[in-house]
$ cat run_22.pdb   # PDB, C-alpha atoms, pLDDT in the B column
ATOM      1  CA  MET A  16       0.000   0.000   0.000  1.00 87.00           C
ATOM      2  CA  ASP A  17       1.288   3.454  -0.834  1.00 91.00           C
ATOM      3  CA  ILE A  18       0.365   6.816   0.669  1.00 95.00           C
ATOM      4  CA  ASN A  19      -2.327   7.491  -1.960  1.00 95.00           C
ATOM      5  CA  ASP A  20      -4.049   4.176  -1.207  1.00 95.00           C
ATOM      6  CA  PHE A  21      -3.985   5.067   2.486  1.00 95.00           C
ATOM      7  CA  LEU A  22      -5.459   8.515   1.809  1.00 96.00           C
ATOM      8  CA  ASN A  23      -8.320   6.935  -0.143  1.00 97.00           C
ATOM      9  CA  LEU A  24      -9.470   5.001   2.939  1.00 96.00           C
ATOM     10  CA  ASP A  25     -12.070   6.501   5.255  1.00 95.00           C
ATOM     11  CA  ASP A  26     -11.052   7.572   8.786  1.00 92.00           C
ATOM     12  CA  GLU A  27     -12.194   4.349  10.423  1.00 94.00           C
ATOM     13  CA  GLU A  28     -10.290   2.182   7.928  1.00 96.00           C
ATOM     14  CA  GLN A  29      -7.170   4.322   8.346  1.00 95.00           C
ATOM     15  CA  SER A  30      -7.334   4.001  12.140  1.00 92.00           C
ATOM     16  CA  PHE A  31      -7.822   0.240  12.048  1.00 94.00           C
ATOM     17  CA  LEU A  32      -5.048  -0.322   9.517  1.00 94.00           C
ATOM     18  CA  LEU A  33      -2.658   1.993  11.348  1.00 92.00           C
ATOM     19  CA  LEU A  34      -3.108   0.307  14.717  1.00 89.00           C
ATOM     20  CA  ASP A  35      -3.148  -3.179  13.199  1.00 95.00           C
ATOM     21  CA  GLU A  36      -0.227  -2.915  10.760  1.00 94.00           C
ATOM     22  CA  GLY A  37       1.651   0.297  11.559  1.00 94.00           C
ATOM     23  CA  GLU A  38       5.038   0.094  13.265  1.00 93.00           C
ATOM     24  CA  PHE A  39       5.253   2.332  16.341  1.00 93.00           C
ATOM     25  CA  ILE A  40       8.250   4.677  16.177  1.00 91.00           C
ATOM     26  CA  ASP A  41       7.879   7.378  18.831  1.00 91.00           C
ATOM     27  CA  SER A  42       5.421   9.527  20.765  1.00 93.00           C
ATOM     28  CA  ILE A  43       5.469  13.087  22.017  1.00 92.00           C
ATOM     29  CA  SER A  44       3.055  14.611  24.524  1.00 93.00           C
ATOM     30  CA  THR A  45       2.262  18.304  24.809  1.00 93.00           C
ATOM     31  CA  ILE A  46      -0.456  20.298  26.528  1.00 93.00           C
ATOM     32  CA  GLU A  47      -2.335  20.588  23.230  1.00 94.00           C
ATOM     33  CA  ALA A  48      -2.088  17.001  21.984  1.00 96.00           C
ATOM     34  CA  ASP A  49      -0.371  13.641  22.062  1.00 96.00           C
ATOM     35  CA  TYR A  50       1.460  12.750  18.840  1.00 95.00           C
ATOM     36  CA  ILE A  51       2.266   9.161  17.906  1.00 94.00           C
ATOM     37  CA  LEU A  52       4.473   8.358  14.926  1.00 94.00           C
ATOM     38  CA  PHE A  53       4.101   5.123  12.982  1.00 94.00           C
ATOM     39  CA  ALA A  54       6.014   3.771   9.992  1.00 91.00           C
ATOM     40  CA  PHE A  55       3.728   2.257   7.410  1.00 88.00           C
ATOM     41  CA  GLY A  56       5.488   0.834   4.395  1.00 84.00           C
ATOM     42  CA  SER A  57       7.148   3.655   2.464  1.00 88.00           C
ATOM     43  CA  PHE A  58       5.611   6.492   4.492  1.00 93.00           C
ATOM     44  CA  PHE A  59       4.956   7.696   8.028  1.00 93.00           C
ATOM     45  CA  VAL A  60       1.659   8.407   9.767  1.00 95.00           C
ATOM     46  CA  GLU A  61       1.260  10.787  12.672  1.00 95.00           C
ATOM     47  CA  LEU A  62      -1.717  10.074  14.903  1.00 96.00           C
ATOM     48  CA  THR A  63      -2.805  13.132  16.898  1.00 96.00           C
ATOM     49  CA  LEU A  64      -4.850  12.453  20.031  1.00 96.00           C
ATOM     50  CA  CYS A  65      -6.670  14.697  22.489  1.00 96.00           C
ATOM     51  CA  PRO A  66      -4.696  14.357  25.744  1.00 93.00           C
ATOM     52  CA  VAL A  67      -7.829  14.734  27.877  1.00 93.00           C
ATOM     53  CA  MET A  68     -10.331  12.526  26.063  1.00 93.00           C
ATOM     54  CA  GLY A  69      -7.938  10.203  24.222  1.00 90.00           C
ATOM     55  CA  THR A  70      -9.892  10.657  21.001  1.00 93.00           C
ATOM     56  CA  THR A  71      -8.347  10.911  17.563  1.00 94.00           C
ATOM     57  CA  LEU A  72      -8.008  14.484  16.362  1.00 96.00           C
ATOM     58  CA  ARG A  73      -6.137  13.800  13.134  1.00 95.00           C
ATOM     59  CA  ILE A  74      -4.416  11.109  11.096  1.00 96.00           C
ATOM     60  CA  SER A  75      -1.678  12.624   8.939  1.00 95.00           C
ATOM     61  CA  PRO A  76       0.309  10.501   6.481  1.00 95.00           C
ATOM     62  CA  PHE A  77       3.529  11.972   5.041  1.00 92.00           C
ATOM     63  CA  THR A  78       6.857  10.983   3.543  1.00 88.00           C
ATOM     64  CA  SER A  79       9.048  13.892   4.656  1.00 80.00           C
ATOM     65  CA  GLY A  80       8.952  17.533   5.697  1.00 76.00           C
ATOM     66  CA  LYS A  81       8.635  19.584   8.869  1.00 79.00           C
ATOM     67  CA  ARG A  82       6.408  17.066  10.625  1.00 79.00           C
ATOM     68  CA  ILE A  83       9.194  14.469  10.764  1.00 80.00           C
ATOM     69  CA  ALA A  84      11.676  16.942  12.325  1.00 79.00           C
ATOM     70  CA  LYS A  85      10.197  16.664  15.822  1.00 81.00           C
ATOM     71  CA  TYR A  86      10.971  12.931  15.780  1.00 80.00           C
ATOM     72  CA  SER A  87      14.545  13.320  14.525  1.00 72.00           C
ATOM     73  CA  ARG A  88      16.070  12.198  17.844  1.00 68.00           C
ATOM     74  CA  THR A  89      14.470   8.774  17.388  1.00 62.00           C
ATOM     75  CA  LEU A  90      15.041   8.417  13.672  1.00 61.00           C
ATOM     76  CA  ALA A  91      18.649   9.587  13.753  1.00 56.00           C
ATOM     77  CA  THR A  92      19.725   7.056  16.366  1.00 47.00           C
ATOM     78  CA  SER A  93      18.035   3.940  15.079  1.00 51.00           C
ATOM     79  CA  ASN A  94      19.020   1.313  12.547  1.00 48.00           C
ATOM     80  CA  ALA A  95      15.413   0.956  11.438  1.00 51.00           C
ATOM     81  CA  PRO A  96      14.494  -0.295   7.970  1.00 49.00           C
ATOM     82  CA  TRP A  97      13.045   3.086   6.925  1.00 49.00           C
ATOM     83  CA  ALA A  98      16.305   4.939   7.708  1.00 50.00           C
TER      84      ALA A  98
END

$ encode --input "run_22.pdb" --output "structure tokens"
Amino acid sequence: MDINDFLNLDDEEQSFLLLDEGEFIDSISTIEADYILFAFGSFFVELTLCPVMGTTLRISPFTSGKRIAKYSRTLATSNAPWA
């Protein structure tokens, strides 16, 4: 599956597939939200959760860019297959 296939799924399908097949990479918690990074094939997916309710606020697939920078401490030190 590539990023376009993932984007064509509805929110429920994306959530199920992400939690079932995504590879957890890192998480970051802030006052505004909890961010969880997954590797999924040739792209990454950031799951954004409400820290109070635990509900999904956003599912954001991407391949590169500013969003990946906040996880650079994890990605730079690992020998993971996506590196």

$ closest_residue --input "run_22.pdb" --among "A:Leu62, A:Ile51, A:Leu34, A:Phe77" --to "Asn19 in chain A" --atoms "all atoms listed in the file"
A:Phe77

$ resolve_selection --input "run_22.pdb" --expression "the PyMOL selection byres ((chain A and resi 32) around 12)" --output "ChimeraX atom specification"
/A:16,20-22,24-31,33-38,53-56,60,74

$ residues_around --input "run_22.pdb" --residues "range 64-71 of chain A" --least-positions-apart "3" --cutoff "8 Å" --atoms "all atoms listed in the file" --output "PDB file with C-alpha atoms, in the frame of the given file"
ATOM      1  CA  SER A  44       3.055  14.611  24.524  1.00 93.00           C
ATOM      2  CA  ILE A  46      -0.456  20.298  26.528  1.00 93.00           C
ATOM      3  CA  GLU A  47      -2.335  20.588  23.230  1.00 94.00           C
ATOM      4  CA  ALA A  48      -2.088  17.001  21.984  1.00 96.00           C
ATOM      5  CA  ASP A  49      -0.371  13.641  22.062  1.00 96.00           C
ATOM      6  CA  TYR A  50       1.460  12.750  18.840  1.00 95.00           C
ATOM      7  CA  ILE A  74      -4.416  11.109  11.096  1.00 96.00           C
TER       8      ILE A  74
END

$ axis_aligned_box --input "run_22.pdb" --around "range 22-26 of chain A" --padding-each-side "6 Å" --output "AutoDock Vina command-line options"
--center_x -8.8 --center_y 6.8 --center_z 4.3 --size_x 18.6 --size_y 15.5 --size_z 20.9

$ closest_residue --input "run_22.pdb" --among "A:Asp17, A:Ile43, A:Phe58, A:Asn23" --to "Lys85 in chain A" --atoms "all atoms listed in the file"
A:Ile43

$ decode --input "run_22.pdb" --residues "range 54-68 of chain A" --atoms "N, CA and C atoms" --output "compact mmCIF listing (two decimals), in the first residue's frame"
# COMPACT_ATOMS: atom_id res chain seq x y z
N ALA A 54 5.52 4.03 11.35
CA ALA A 54 6.01 3.77 9.99
C ALA A 54 5.00 2.83 9.36
N PHE A 55 4.69 3.10 8.11
CA PHE A 55 3.73 2.26 7.41
C PHE A 55 4.21 2.09 5.97
N GLY A 56 4.95 1.04 5.73
CA GLY A 56 5.49 0.83 4.40
C GLY A 56 6.49 1.91 4.04
N SER A 57 6.22 2.64 2.96
CA SER A 57 7.15 3.66 2.46
C SER A 57 6.83 5.06 2.97
N PHE A 58 5.97 5.17 3.98
CA PHE A 58 5.61 6.49 4.49
C PHE A 58 5.39 6.42 6.00
N PHE A 59 5.23 7.58 6.60
CA PHE A 59 4.96 7.70 8.03
C PHE A 59 3.53 8.18 8.22
N VAL A 60 2.98 7.89 9.40
CA VAL A 60 1.66 8.41 9.77
C VAL A 60 1.75 8.94 11.19
N GLU A 61 1.31 10.18 11.35
CA GLU A 61 1.26 10.79 12.67
C GLU A 61 -0.19 10.77 13.15
N LEU A 62 -0.40 10.13 14.28
CA LEU A 62 -1.72 10.07 14.90
C LEU A 62 -1.74 11.14 15.99
N THR A 63 -2.69 12.06 15.92
CA THR A 63 -2.80 13.13 16.90
C THR A 63 -4.02 12.84 17.77
N LEU A 64 -3.79 12.78 19.08
CA LEU A 64 -4.85 12.45 20.03
C LEU A 64 -5.09 13.61 21.00
N CYS A 65 -6.33 13.75 21.43
CA CYS A 65 -6.67 14.70 22.49
C CYS A 65 -6.13 14.13 23.80
N PRO A 66 -5.29 14.89 24.52
CA PRO A 66 -4.70 14.36 25.74
C PRO A 66 -5.70 14.16 26.88
N VAL A 67 -6.83 14.84 26.82
CA VAL A 67 -7.83 14.73 27.88
C VAL A 67 -8.79 13.58 27.61
N MET A 68 -9.32 13.53 26.40
CA MET A 68 -10.33 12.53 26.06
C MET A 68 -9.74 11.25 25.43
